[in-house]
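File shown: query_3.tsv (TSV, C-alpha atoms and all ligand atoms).
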chain	number	residue	atom	x	y	z
A	1	MET	CA	-52.14	-53.56	73.91
A	2	SER	CA	-49.51	-51.34	72.41
A	3	PHE	CA	-48.29	-48.17	74.03
A	4	PHE	CA	-49.77	-46.20	71.20
A	5	LEU	CA	-53.19	-47.67	71.59
A	6	VAL	CA	-53.09	-47.14	75.33
A	7	LEU	CA	-52.00	-43.56	74.89
A	8	SER	CA	-54.63	-42.81	72.33
A	9	LEU	CA	-57.41	-44.46	74.26
A	10	ILE	CA	-56.49	-42.86	77.54
A	11	ALA	CA	-55.34	-39.58	76.19
A	12	PHE	CA	-57.59	-38.66	73.39
A	13	ALA	CA	-60.90	-40.08	74.47
A	14	PRO	CA	-61.49	-37.27	76.94
A	15	LEU	CA	-60.16	-34.66	74.58
A	16	CYS	CA	-62.04	-35.58	71.51
A	17	CYS	CA	-65.35	-37.04	72.49
A	18	PHE	CA	-65.88	-36.51	76.17
A	19	SER	CA	-68.39	-39.26	76.90
A	20	GLY	CA	-69.41	-39.21	73.26
A	21	LYS	CA	-72.11	-36.70	73.98
A	22	THR	CA	-72.30	-33.02	73.35
A	23	HIS	CA	-75.14	-30.60	73.82
A	24	GLY	CA	-77.64	-33.39	74.03
A	25	SER	CA	-76.59	-35.16	70.85
A	26	TYR	CA	-74.14	-38.00	70.29
A	27	LEU	CA	-70.84	-37.86	68.47
A	28	TYR	CA	-70.14	-40.47	65.82
A	29	PRO	CA	-67.54	-40.87	63.09
A	30	GLN	CA	-70.08	-40.82	60.24
A	31	PHE	CA	-71.54	-37.47	61.30
A	32	TYR	CA	-70.56	-35.72	58.03
A	33	ASP	CA	-71.01	-38.68	55.71
A	34	HIS	CA	-74.01	-37.07	54.02
A	35	SER	CA	-73.57	-33.38	54.75
A	36	CYS	CA	-69.87	-33.20	53.84
A	37	PRO	CA	-68.57	-36.55	52.63
A	38	ASN	CA	-65.11	-35.25	51.70
A	39	ALA	CA	-64.52	-33.46	55.01
A	40	GLN	CA	-62.05	-35.95	56.48
A	41	GLN	CA	-60.12	-36.21	53.23
A	42	ILE	CA	-59.84	-32.44	52.93
A	43	VAL	CA	-58.52	-32.12	56.49
A	44	LYS	CA	-56.07	-34.94	55.92
A	45	SER	CA	-54.59	-33.57	52.72
A	46	ILE	CA	-54.12	-30.04	54.05
A	47	VAL	CA	-52.50	-31.34	57.24
A	48	ALA	CA	-50.23	-33.63	55.19
A	49	GLU	CA	-49.16	-30.76	53.00
A	50	ALA	CA	-48.41	-28.55	56.03
A	51	VAL	CA	-46.46	-31.26	57.87
A	52	ALA	CA	-44.47	-32.07	54.73
A	53	LYS	CA	-43.41	-28.41	54.64
A	54	GLU	CA	-42.57	-28.29	58.34
A	55	ALA	CA	-42.61	-31.34	60.61
A	56	ARG	CA	-43.20	-29.26	63.75
A	57	ILE	CA	-46.67	-28.29	62.56
A	58	ALA	CA	-47.86	-31.73	63.72
A	59	ALA	CA	-46.86	-30.79	67.27
A	60	SER	CA	-48.35	-27.33	67.02
A	61	LEU	CA	-51.71	-28.72	65.92
A	62	LEU	CA	-51.66	-31.26	68.72
A	63	ARG	CA	-51.01	-28.54	71.26
A	64	LEU	CA	-53.79	-26.39	69.82
A	65	HIS	CA	-56.18	-29.24	70.35
A	66	PHE	CA	-55.24	-29.40	74.02
A	67	HIS	CA	-55.66	-25.65	74.48
A	68	ASP	CA	-58.85	-25.51	72.45
A	69	TRP	CA	-60.35	-28.20	74.60
A	70	LEU	CA	-59.29	-26.53	77.86
A	71	ARG	CA	-60.65	-23.19	76.80
A	72	ARG	CA	-63.83	-24.66	75.36
A	73	ILE	CA	-64.10	-21.81	72.89
A	74	PRO	CA	-63.62	-21.84	69.14
A	75	ILE	CA	-60.03	-21.70	68.05
A	76	VAL	CA	-60.74	-19.16	65.37
A	77	GLY	CA	-61.11	-15.45	66.02
A	78	GLN	CA	-59.46	-13.68	68.88
A	79	GLN	CA	-56.95	-16.36	69.75
A	80	ARG	CA	-55.48	-16.66	66.31
A	81	ASN	CA	-52.36	-14.70	67.18
A	82	SER	CA	-51.52	-16.71	70.24
A	83	ALA	CA	-50.37	-20.06	68.87
A	84	ARG	CA	-48.70	-21.74	65.97
A	85	GLY	CA	-50.77	-23.77	63.56
A	86	PHE	CA	-53.79	-21.48	63.24
A	87	GLU	CA	-52.96	-20.77	59.63
A	88	VAL	CA	-53.34	-24.48	58.85
A	89	LEU	CA	-56.71	-24.58	60.59
A	90	ASP	CA	-57.76	-21.44	58.73
A	91	LYS	CA	-56.83	-23.05	55.46
A	92	ILE	CA	-58.84	-26.17	56.31
A	93	LYS	CA	-61.81	-24.09	57.43
A	94	SER	CA	-61.81	-22.08	54.16
A	95	ALA	CA	-61.59	-25.24	52.06
A	96	LEU	CA	-64.47	-26.81	53.99
A	97	GLU	CA	-66.61	-23.68	53.77
A	98	LYS	CA	-66.18	-23.84	50.01
A	99	GLU	CA	-67.00	-27.53	49.87
A	100	CYS	CA	-69.97	-27.48	52.26
A	101	PRO	CA	-70.76	-24.12	53.85
A	102	LEU	CA	-71.67	-23.82	57.54
A	103	THR	CA	-71.38	-27.52	58.17
A	104	VAL	CA	-68.14	-28.66	59.77
A	105	SER	CA	-67.35	-27.22	63.21
A	106	CYS	CA	-63.97	-25.81	64.18
A	107	ALA	CA	-63.86	-28.21	67.11
A	108	ASP	CA	-64.17	-31.17	64.74
A	109	ILE	CA	-61.55	-29.69	62.43
A	110	VAL	CA	-58.96	-29.36	65.17
A	111	THR	CA	-59.73	-32.85	66.46
A	112	LEU	CA	-59.34	-34.42	63.03
A	113	ALA	CA	-56.21	-32.40	62.34
A	114	THR	CA	-54.72	-33.68	65.60
A	115	ARG	CA	-55.44	-37.29	64.71
A	116	ASP	CA	-53.90	-36.83	61.26
A	117	SER	CA	-50.86	-35.05	62.71
A	118	THR	CA	-50.30	-37.84	65.21
A	119	VAL	CA	-50.41	-40.43	62.45
A	120	LEU	CA	-48.01	-38.43	60.28
A	121	ALA	CA	-45.59	-38.25	63.22
A	122	GLY	CA	-45.60	-42.06	63.40
A	123	GLY	CA	-48.19	-42.39	66.15
A	124	PRO	CA	-51.45	-44.36	66.30
A	125	SER	CA	-54.59	-43.76	64.33
A	126	TRP	CA	-58.12	-43.78	65.71
A	127	GLU	CA	-61.62	-43.07	64.51
A	128	VAL	CA	-62.73	-39.61	65.55
A	129	PRO	CA	-66.30	-39.31	66.78
A	130	LEU	CA	-67.67	-36.15	65.13
A	131	GLY	CA	-70.46	-33.65	65.57
A	132	ARG	CA	-69.01	-31.24	68.14
A	133	ARG	CA	-70.60	-27.85	68.20
A	134	ASP	CA	-68.48	-24.75	68.62
A	135	SER	CA	-69.08	-22.71	71.71
A	136	ARG	CA	-70.53	-19.27	71.12
A	137	GLY	CA	-69.36	-17.57	74.23
A	138	ALA	CA	-66.72	-18.01	76.87
A	139	SER	CA	-64.33	-15.89	78.81
A	140	LEU	CA	-60.92	-16.15	77.22
A	141	SER	CA	-59.10	-14.86	80.28
A	142	GLY	CA	-61.12	-17.01	82.65
A	143	SER	CA	-60.64	-20.14	80.62
A	144	ASN	CA	-56.93	-19.42	80.15
A	145	ASN	CA	-56.57	-20.08	83.85
A	146	ASN	CA	-57.26	-23.72	83.09
A	147	ILE	CA	-54.06	-24.01	81.09
A	148	PRO	CA	-51.25	-25.37	83.24
A	149	ALA	CA	-47.97	-23.46	83.31
A	150	PRO	CA	-44.62	-25.23	82.92
A	151	ASN	CA	-43.50	-24.12	86.38
A	152	ASN	CA	-46.68	-25.19	88.16
A	153	THR	CA	-46.28	-27.78	90.87
A	154	PHE	CA	-47.46	-31.29	90.26
A	155	GLN	CA	-50.39	-30.69	92.59
A	156	THR	CA	-51.48	-27.52	90.76
A	157	ILE	CA	-51.33	-29.26	87.40
A	158	LEU	CA	-53.23	-32.24	88.72
A	159	THR	CA	-55.85	-29.96	90.27
A	160	LYS	CA	-56.30	-28.24	86.90
A	161	PHE	CA	-56.70	-31.59	85.18
A	162	ASN	CA	-59.08	-32.82	87.89
A	163	GLY	CA	-61.14	-29.70	87.29
A	164	GLN	CA	-61.64	-30.91	83.73
A	165	GLY	CA	-62.62	-34.39	84.80
A	166	LEU	CA	-59.19	-35.91	84.18
A	167	ASN	CA	-57.17	-37.99	86.64
A	168	VAL	CA	-53.48	-38.63	87.24
A	169	VAL	CA	-53.28	-41.35	84.60
A	170	ASP	CA	-54.85	-38.99	82.04
A	171	LEU	CA	-52.32	-36.34	83.05
A	172	VAL	CA	-49.36	-38.64	82.54
A	173	ALA	CA	-50.65	-40.09	79.28
A	174	LEU	CA	-51.54	-36.69	77.83
A	175	SER	CA	-48.19	-35.25	78.83
A	176	GLY	CA	-46.77	-37.95	76.57
A	177	SER	CA	-47.69	-35.59	73.73
A	178	HIS	CA	-44.42	-33.88	74.54
A	179	THR	CA	-42.88	-36.71	72.55
A	180	ILE	CA	-42.96	-34.21	69.67
A	181	GLY	CA	-42.45	-30.49	69.37
A	182	ASN	CA	-40.37	-27.73	70.87
A	183	ALA	CA	-40.22	-25.39	73.82
A	184	ARG	CA	-38.54	-22.03	74.13
A	185	CYS	CA	-35.74	-21.34	76.55
A	186	THR	CA	-38.07	-19.10	78.57
A	187	SER	CA	-40.32	-22.06	79.30
A	188	PHE	CA	-37.71	-23.91	81.34
A	189	ARG	CA	-34.88	-21.46	82.12
A	190	GLN	CA	-35.70	-21.30	85.78
A	191	ARG	CA	-34.89	-24.99	86.09
A	192	LEU	CA	-31.41	-24.37	84.78
A	193	TYR	CA	-30.36	-21.63	87.20
A	194	ASN	CA	-30.73	-20.84	90.79
A	195	GLN	CA	-33.31	-23.30	91.97
A	196	SER	CA	-32.12	-23.05	95.54
A	197	GLY	CA	-30.25	-19.80	95.30
A	198	ASN	CA	-26.97	-21.44	94.27
A	199	GLY	CA	-27.23	-20.87	90.51
A	200	LEU	CA	-27.12	-24.59	89.78
A	201	PRO	CA	-29.63	-26.60	87.78
A	202	ASP	CA	-32.62	-28.12	89.50
A	203	SER	CA	-31.49	-31.30	91.25
A	204	THR	CA	-34.13	-33.34	89.39
A	205	PHE	CA	-32.22	-32.65	86.14
A	206	ASP	CA	-29.57	-34.98	84.78
A	207	GLN	CA	-26.66	-32.62	85.32
A	208	SER	CA	-24.86	-33.22	82.01
A	209	TYR	CA	-28.10	-32.76	80.08
A	210	ALA	CA	-28.66	-29.51	81.99
A	211	ALA	CA	-25.12	-28.36	81.18
A	212	GLN	CA	-25.82	-28.94	77.49
A	213	LEU	CA	-29.06	-26.97	77.66
A	214	ARG	CA	-27.33	-24.09	79.43
A	215	THR	CA	-25.07	-23.50	76.44
A	216	ARG	CA	-28.05	-22.39	74.34
A	217	CYS	CA	-30.29	-21.18	77.11
A	218	PRO	CA	-28.15	-18.70	79.00
A	219	ARG	CA	-29.10	-16.99	82.23
A	220	SER	CA	-30.26	-14.03	80.20
A	221	GLY	CA	-30.92	-13.67	76.48
A	222	GLY	CA	-31.80	-16.37	73.99
A	223	ASP	CA	-35.39	-16.41	75.25
A	224	GLN	CA	-36.81	-17.64	71.97
A	225	ASN	CA	-34.19	-20.34	71.35
A	226	LEU	CA	-35.94	-23.59	70.66
A	227	PHE	CA	-35.32	-26.98	72.27
A	228	PHE	CA	-36.80	-30.37	71.58
A	229	LEU	CA	-39.24	-31.56	74.21
A	230	ASP	CA	-38.02	-35.08	73.46
A	231	PHE	CA	-34.39	-34.77	72.44
A	232	VAL	CA	-34.11	-38.46	71.51
A	233	SER	CA	-36.70	-38.51	68.74
A	234	PRO	CA	-38.12	-34.98	68.47
A	235	THR	CA	-40.44	-35.48	65.51
A	236	LYS	CA	-41.46	-39.06	66.19
A	237	PHE	CA	-44.56	-39.91	68.20
A	238	ASP	CA	-43.10	-42.67	70.38
A	239	ASN	CA	-42.37	-43.43	74.04
A	240	SER	CA	-38.92	-41.89	74.40
A	241	TYR	CA	-40.48	-38.93	76.25
A	242	PHE	CA	-41.30	-41.30	79.12
A	243	LYS	CA	-37.88	-42.95	78.99
A	244	ASN	CA	-36.31	-39.48	79.21
A	245	LEU	CA	-38.29	-38.77	82.36
A	246	LEU	CA	-37.02	-41.96	83.94
A	247	SER	CA	-33.44	-40.81	83.29
A	248	SER	CA	-34.10	-37.26	84.60
A	249	LYS	CA	-34.04	-35.75	81.12
A	250	GLY	CA	-37.48	-34.21	80.94
A	251	LEU	CA	-37.24	-30.68	79.54
A	252	LEU	CA	-40.01	-28.80	81.34
A	253	SER	CA	-40.43	-28.79	85.07
A	254	SER	CA	-44.03	-29.90	84.45
A	255	ASP	CA	-42.64	-32.98	82.67
A	256	GLN	CA	-40.12	-33.95	85.31
A	257	VAL	CA	-42.50	-33.42	88.25
A	258	LEU	CA	-44.48	-36.38	86.97
A	259	LEU	CA	-41.65	-38.38	88.49
A	260	THR	CA	-40.68	-36.38	91.56
A	261	LYS	CA	-39.53	-38.68	94.27
A	262	ASN	CA	-41.88	-37.44	96.91
A	263	GLU	CA	-42.59	-40.20	99.42
A	264	GLU	CA	-46.30	-39.61	99.49
A	265	ASP	CA	-46.85	-39.49	95.75
A	266	ILE	CA	-44.20	-41.90	94.68
A	267	PHE	CA	-46.48	-44.85	94.05
A	268	ARG	CA	-49.24	-42.92	92.40
A	269	LYS	CA	-47.07	-40.91	90.03
A	270	GLN	CA	-44.36	-43.39	89.23
A	271	ARG	CA	-46.86	-46.13	88.68
A	272	ALA	CA	-48.65	-43.96	86.13
A	273	VAL	CA	-45.42	-43.15	84.26
A	274	LEU	CA	-44.13	-46.70	84.40
A	275	ARG	CA	-47.45	-48.05	83.22
A	276	ALA	CA	-47.20	-45.82	80.15
A	277	VAL	CA	-43.60	-46.87	79.46
A	278	CYS	CA	-43.98	-50.53	80.20
A	279	THR	CA	-46.83	-51.15	77.80
A	280	VAL	CA	-44.40	-50.51	74.95
A	281	HIS	CA	-43.73	-53.13	72.34
A	282	ASP	CA	-40.52	-51.76	70.81
B	301	LIG	C1	-49.43	-31.10	81.80
B	301	LIG	C2	-49.37	-29.82	81.62
B	301	LIG	C3	-48.71	-29.17	80.44
B	301	LIG	C4	-47.89	-28.11	80.49
B	301	LIG	C5	-47.49	-27.33	81.73
B	301	LIG	C6	-47.47	-27.83	79.14
B	301	LIG	C7	-46.63	-26.79	78.78
B	301	LIG	C8	-46.07	-26.65	77.54
B	301	LIG	C9	-45.07	-25.65	77.22
B	301	LIG	C10	-44.53	-24.59	78.17
B	301	LIG	C11	-44.70	-25.85	75.93
B	301	LIG	C12	-43.67	-25.04	75.15
B	301	LIG	C13	-44.23	-23.69	74.78
B	301	LIG	C14	-43.15	-22.75	74.28
B	301	LIG	O1	-42.08	-22.69	74.89
B	301	LIG	O2	-43.40	-22.06	73.27
B	301	LIG	C15	-45.48	-26.96	75.42
B	301	LIG	C16	-45.40	-27.45	74.15
B	301	LIG	C17	-46.20	-28.46	73.68
B	301	LIG	N1	-47.24	-29.07	74.36
B	301	LIG	FE1	-47.60	-28.94	76.32
B	301	LIG	N2	-48.03	-28.74	78.30
B	301	LIG	C18	-48.81	-29.58	79.03
B	301	LIG	C19	-49.60	-30.59	78.56
B	301	LIG	C20	-49.77	-30.87	77.23
B	301	LIG	C21	-50.78	-31.74	76.68
B	301	LIG	C22	-51.82	-32.45	77.53
B	301	LIG	C23	-50.60	-31.76	75.34
B	301	LIG	C24	-51.39	-32.47	74.28
B	301	LIG	C25	-52.39	-33.32	74.48
B	301	LIG	C26	-49.46	-30.93	75.04
B	301	LIG	C27	-48.90	-30.78	73.81
B	301	LIG	C28	-47.80	-30.00	73.53
B	301	LIG	C29	-47.08	-30.03	72.28
B	301	LIG	C30	-47.31	-30.99	71.13
B	301	LIG	C31	-46.09	-29.04	72.36
B	301	LIG	C32	-45.09	-28.63	71.26
B	301	LIG	C33	-45.75	-27.54	70.39
B	301	LIG	C34	-44.88	-27.02	69.25
B	301	LIG	O3	-43.75	-27.47	69.05
B	301	LIG	O4	-45.37	-26.13	68.53
B	301	LIG	N3	-49.00	-30.38	76.20
B	301	LIG	N4	-46.31	-27.42	76.42
Represent the supplied structure as structure tokens.
Ligand code: HEM
Amino acid sequence: MSFFLVLSLIAFAPLCCFSGKTHGSYLYPQFYDHSCPNAQQIVKSIVAEAVAKEARIAASLLRLHFHDWLRRIPIVGQQRNSARGFEVLDKIKSALEKECPLTVSCADIVTLATRDSTVLAGGPSWEVPLGRRDSRGASLSGSNNNIPAPNNTFQTILTKFNGQGLNVVDLVALSGSHTIGNARCTSFRQRLYNQSGNGLPDSTFDQSYAAQLRTRCPRSGGDQNLFFLDFVSPTKFDNSYFKNLLSSKGLLSSDQVLLTKNEEDIFRKQRAVLRAVCTVHD
């Protein structure tokens, strides 16, 4: 099985269909075949147009899917200011409301948009089971606590994933989404300076890679400067993210901790990363 297939099966199954069942009814790819037969085509063409204008949109939509799923609340409305890519989802939603009013859920839109983005970035394709219903109420602040922070420890991140029914293999596979997209200097600065009070980069960093990053992510200032999460192939959905981790060139702390050489975790974590990398057919 190819890396891509493994990643999509492991990674996206829990995100997109979650046991294939929602609110007592089953999800299936043909859900809109009668009620909105052009739905998938409409999503696809708007995503393609957006990605053609700006490749990073594929990554932004993928990240929105992750956050939408963790929060379990509709991605429209009050969150629209908090992440990139909403405007694309808004555009899709408007087009679908015109085509078939009150039919296609936001949760299905973001899931389809993620699949299409992944494909456009050179990743795998898969059939998306459809028929999710949007949640009507949830606590934004409460559910935000589910979202892992880049400086969380491995154990905290894993606990957050476990809380959503995901295990260590899911965590590693899903983190592979950092094969595309960017992060701001503020998201990883603390790794570059003063980890142990000496002002040097975190010892889990490849030191020459860290030195390069420091030139555009200074100790202060440059907060919004952007860096590729996967510097080898930043817009391509491939396995170089995992290879980077193996050579200590993960950008975020939350990436590199997947490989921390802690005696107790070493087998569990490294096996999960290596399994993802070694299923590659380059
Ligand atoms: C394991 C815990 C995770 C942490 C701590 C984390 C954290 C982050 C952070 C800090 C950024 C950069 C934000 C910025 O600086 O503006 C980012 C970007 C991104 N994340 Fe994650 N993430 C995690 C897991 C995931 C998962 C599971 C996915 C998808 C399934 C994902 C997809 C992405 C993508 C595609 C981007 C780039 C977005 C863009 O360029 O617009 N992340 N993540």
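By all atoms listed in the file, and with residues fewer than 4 positions from range 90-100 of chain A along its chain excluded, the set lying at most 8 Å from it is Ser35, Cys36, Ala39, Ile42, Val43, Ile46, Val76, Phe86, Val104, Cys106 and Ile109 of chain A.
Proximity of A:Gly123, A:Gly131, A:Gly176, A:Gly221 to ligand LIG 301 (chain B), computed with only C-alpha atoms and all ligand atoms, is greatest for A:Gly176.
Taking CA of Thr153 in chain A and CA of Thr111 in chain A as the two end points, the separation is 28.3 Å.
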Residues near Leu62 in chain A, anyone? I mean within 8 Å using only C-alpha atoms, not counting same-chain ones fewer than 3 positions away, as a ChimeraX atom specification. /A:58-59,65-66,113-114,117-118,177
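As for CA of Val47 in chain A and CA of Leu64 in chain A, they are spaced 13.6 Å apart.
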Using Å and a single decimal, report how far atom C15 of ligand LIG 301 (chain B) sits from CA of Leu200 in chain A. 23.4 Å
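Among the candidate residues A:Leu192, A:Ala48, A:Ala55, A:Leu27, the one lying nearest to ligand LIG 301 (chain B) is A:Ala55, with distances computed using only C-alpha atoms and all ligand atoms.
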Per residue of chain A within 6 Å of ligand LIG 301 (chain B), which atom pair is closest and at what distance in Å (one decimal), using all atoms listed in the file, listed by chain and increasing number, as JSON lines?
{"residue": "A:Arg56", "atom": "CA", "partner": "B:LIG301", "partner_atom": "O3", "distance": 5.6}
{"residue": "A:Ala59", "atom": "CA", "partner": "B:LIG301", "partner_atom": "C30", "distance": 3.9}
{"residue": "A:Ser60", "atom": "CA", "partner": "B:LIG301", "partner_atom": "O4", "distance": 3.5}
{"residue": "A:Leu62", "atom": "CA", "partner": "B:LIG301", "partner_atom": "C30", "distance": 5.0}
{"residue": "A:Arg63", "atom": "CA", "partner": "B:LIG301", "partner_atom": "C27", "distance": 4.0}
{"residue": "A:Phe66", "atom": "CA", "partner": "B:LIG301", "partner_atom": "C25", "distance": 4.9}
{"residue": "A:Pro148", "atom": "CA", "partner": "B:LIG301", "partner_atom": "C5", "distance": 4.5}
{"residue": "A:Ala149", "atom": "CA", "partner": "B:LIG301", "partner_atom": "C5", "distance": 4.2}
{"residue": "A:Pro150", "atom": "CA", "partner": "B:LIG301", "partner_atom": "C5", "distance": 3.8}
{"residue": "A:Leu174", "atom": "CA", "partner": "B:LIG301", "partner_atom": "C22", "distance": 4.3}
{"residue": "A:Ser175", "atom": "CA", "partner": "B:LIG301", "partner_atom": "C22", "distance": 4.8}
{"residue": "A:Ser177", "atom": "CA", "partner": "B:LIG301", "partner_atom": "C24", "distance": 4.9}
{"residue": "A:His178", "atom": "CA", "partner": "B:LIG301", "partner_atom": "C29", "distance": 5.2}
{"residue": "A:Ile180", "atom": "CA", "partner": "B:LIG301", "partner_atom": "C30", "distance": 5.6}
{"residue": "A:Gly181", "atom": "CA", "partner": "B:LIG301", "partner_atom": "O3", "distance": 3.3}
{"residue": "A:Asn182", "atom": "CA", "partner": "B:LIG301", "partner_atom": "O3", "distance": 3.8}
{"residue": "A:Ala183", "atom": "CA", "partner": "B:LIG301", "partner_atom": "O1", "distance": 3.4}
{"residue": "A:Arg184", "atom": "CA", "partner": "B:LIG301", "partner_atom": "O1", "distance": 3.7}
{"residue": "A:Ser187", "atom": "CA", "partner": "B:LIG301", "partner_atom": "O1", "distance": 4.8}
{"residue": "A:Ser254", "atom": "CA", "partner": "B:LIG301", "partner_atom": "C5", "distance": 5.1}
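You can rank A:Pro129, A:Pro218, A:Gly250, A:Pro234 by their closest distance to Tyr28 in chain A using all atoms listed in the file, and at the top of that list sits A:Pro129.
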Might you pull out every residue within 8 Å of Arg115 in chain A, with all atoms listed in the file counted and same-chain residues fewer than 3 positions away left off, and present them as number ranges by chain? A: 111-112, 118-119, 125-126, 128
